[in-house]
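Asks: Quick one: this structure, given as structure tokens, is what I'll be asking you about.
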Amino acid sequence: MVQEPITSSIYELDTCALQDLLPEMPLWVKNPDYDRVDWLNKVLSDVWPYLDKPVASIIKGIAEPMFAEYIGKYQIESIEFKSISLGTLRPVICGLKVYDTNEKEIVMETAIRWAGNPDIVLVIKLLSLHITVQLVDLQISGRVRVALKPLVPTFPCFSNIVVSLMEKPDVDFGMNILGGDIMSIPGLYRYIQETVKRQVASLYHWPQTLEIPILDASS
């Protein structure tokens, strides 16, 4: 029998409980500049299954330059994706702020949290061995700035989506090799987590950007 969870009013919480709760509150609660966007989360929920292939392609584009840096090191000959799928759990947009600018652009800032169940499997060729690595329990959170620019008179009315991270993202995941969790090896977990954060931040931490073309430049 499923028991009802115990709930309490926020007014009944003590100071320590409130301090633990504050980091989990969405931006629209803590900052009046951010709007609540339940409607956008509903849209994202509906389109999430159809974003699988295009977003997977973007992830490959982001990851492959990182992989290339390790080819030839540590006897690694190649790193390739065996499979990549976003899974069924979508990210949650925790608030949205739109900036006023004098340029032909729309600039938005949001906080995103994703506790996903993606299917991401890599094959690493190490000497004569092919090692299969599976990413599990992926969690990502961070503040993201999105610019739609330049605005043009052709639908969808902007030429590019320009994305940048406003802070170093929080990234957490496990890695399985041959059915075992290698992240349980002492020291390896922190090293891999920090390496991933550093690599992603170096590529897309503002003022670095990820530019996704939407319309041809001649449009």
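Identifiers in the structure tokens: chain A, B, ... in order shown; residue index from 1 per chain; ligand index from 1 in order shown.
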Could you produce a table of the residues of region 16-114 of chain A lying within 7 Å of region 139-160 of chain A, with the nearest pair of atoms per residue and their separation in Å rounded to one decimal, using only C-alpha atoms, ordered by chain and increasing residue number, as a tab-separated table?
Replies:
residue	atom	partner	partner_atom	distance
A:Lys104	CA	A:Leu151	CA	5.2
A:Glu105	CA	A:Lys149	CA	4.5
A:Ile106	CA	A:Leu148	CA	5.1
A:Val107	CA	A:Ala147	CA	4.3
A:Met108	CA	A:Val146	CA	5.2
A:Glu109	CA	A:Arg145	CA	4.3
A:Thr110	CA	A:Val144	CA	5.4
A:Ala111	CA	A:Arg143	CA	4.3
A:Ile112	CA	A:Ser141	CA	5.5
A:Arg113	CA	A:Ser141	CA	4.3
A:Trp114	CA	A:Ile140	CA	5.1
Asks: DSSP on the backbone, helix (DSSP H, G or I) only: what residues of region 69-204 of chain A does that give? Format it as a list in words.
Replies: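 The helix (DSSP H, G or I) subset of region 69-204 of chain A is Ile182, Met183, Ser184, Leu188, Tyr189, Arg190, Tyr191, Ile192, Gln193, Glu194, Thr195, Val196, Lys197, Arg198, Gln199, Val200, Ala201, Ser202, Leu203 and Tyr204 of chain A.
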Asks: Go ahead and save the residues from that selection, with C-alpha atoms, as a PDB file, in the first residue's frame.
Replies:
ATOM      1  CA  ILE A 182      34.145   2.548 -12.315  1.00  0.00           C
ATOM      2  CA  MET A 183      33.156   5.756 -10.497  1.00  0.00           C
ATOM      3  CA  SER A 184      33.496   3.818  -7.251  1.00  0.00           C
ATOM      4  CA  LEU A 188      38.386   8.761 -10.142  1.00  0.00           C
ATOM      5  CA  TYR A 189      34.880  10.118  -9.579  1.00  0.00           C
ATOM      6  CA  ARG A 190      36.016  13.636  -8.658  1.00  0.00           C
ATOM      7  CA  TYR A 191      38.664  13.702 -11.392  1.00  0.00           C
ATOM      8  CA  ILE A 192      36.210  12.810 -14.163  1.00  0.00           C
ATOM      9  CA  GLN A 193      33.513  15.171 -12.877  1.00  0.00           C
ATOM     10  CA  GLU A 194      35.898  18.121 -12.700  1.00  0.00           C
ATOM     11  CA  THR A 195      37.387  17.303 -16.107  1.00  0.00           C
ATOM     12  CA  VAL A 196      33.948  17.296 -17.740  1.00  0.00           C
ATOM     13  CA  LYS A 197      32.944  20.566 -16.039  1.00  0.00           C
ATOM     14  CA  ARG A 198      36.202  22.212 -17.071  1.00  0.00           C
ATOM     15  CA  GLN A 199      35.934  21.045 -20.675  1.00  0.00           C
ATOM     16  CA  VAL A 200      32.315  22.157 -21.085  1.00  0.00           C
ATOM     17  CA  ALA A 201      32.976  25.499 -19.394  1.00  0.00           C
ATOM     18  CA  SER A 202      36.037  26.177 -21.555  1.00  0.00           C
ATOM     19  CA  LEU A 203      33.943  25.736 -24.688  1.00  0.00           C
ATOM     20  CA  TYR A 204      30.675  27.445 -23.784  1.00  0.00           C
TER      21      TYR A 204
END
Asks: Considering only C-alpha atoms, return as a PyMOL selection string whatever protein or nucleic-acid residues lie within 12 Å of Ile59 (chain A), sequence-local ones (same chain, fewer than 4 positions apart) excluded.
Replies: chain A and resi 51-55+63-66+81+83-86+118+120+200+210
Asks: Compile the contact shell of Glu211 (chain A) as a VMD selection string: residues with an atom at most 8 Å away, counting only C-alpha atoms, same-chain residues fewer than 6 positions apart removed.
Replies: chain A and resid 160 to 163
Asks: Tell me which protein, DNA and RNA residues are within 10 Å of Ser128 (chain A), counting only C-alpha atoms, leaving out same-chain ones fewer than 6 positions away, and put them as a ChimeraX atom specification.
Replies: /A:75-77
Asks: Write the residues of the preceding selection, restricted to N, CA and C atoms, as a PDB file, in the first residue's frame.
Replies:
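Done, and the output landed in out-v1.pdb:
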ATOM      1  N   GLN A  75      47.434   5.695 -24.767  1.00  0.00           N
ATOM      2  CA  GLN A  75      47.249   4.573 -25.695  1.00  0.00           C
ATOM      3  C   GLN A  75      45.833   4.515 -26.285  1.00  0.00           C
ATOM      4  N   ILE A  76      45.105   5.625 -26.245  1.00  0.00           N
ATOM      5  CA  ILE A  76      43.750   5.668 -26.807  1.00  0.00           C
ATOM      6  C   ILE A  76      43.836   5.913 -28.310  1.00  0.00           C
ATOM      7  N   GLU A  77      43.219   5.041 -29.090  1.00  0.00           N
ATOM      8  CA  GLU A  77      43.235   5.167 -30.546  1.00  0.00           C
ATOM      9  C   GLU A  77      41.974   5.833 -31.086  1.00  0.00           C
TER      10      GLU A  77
END
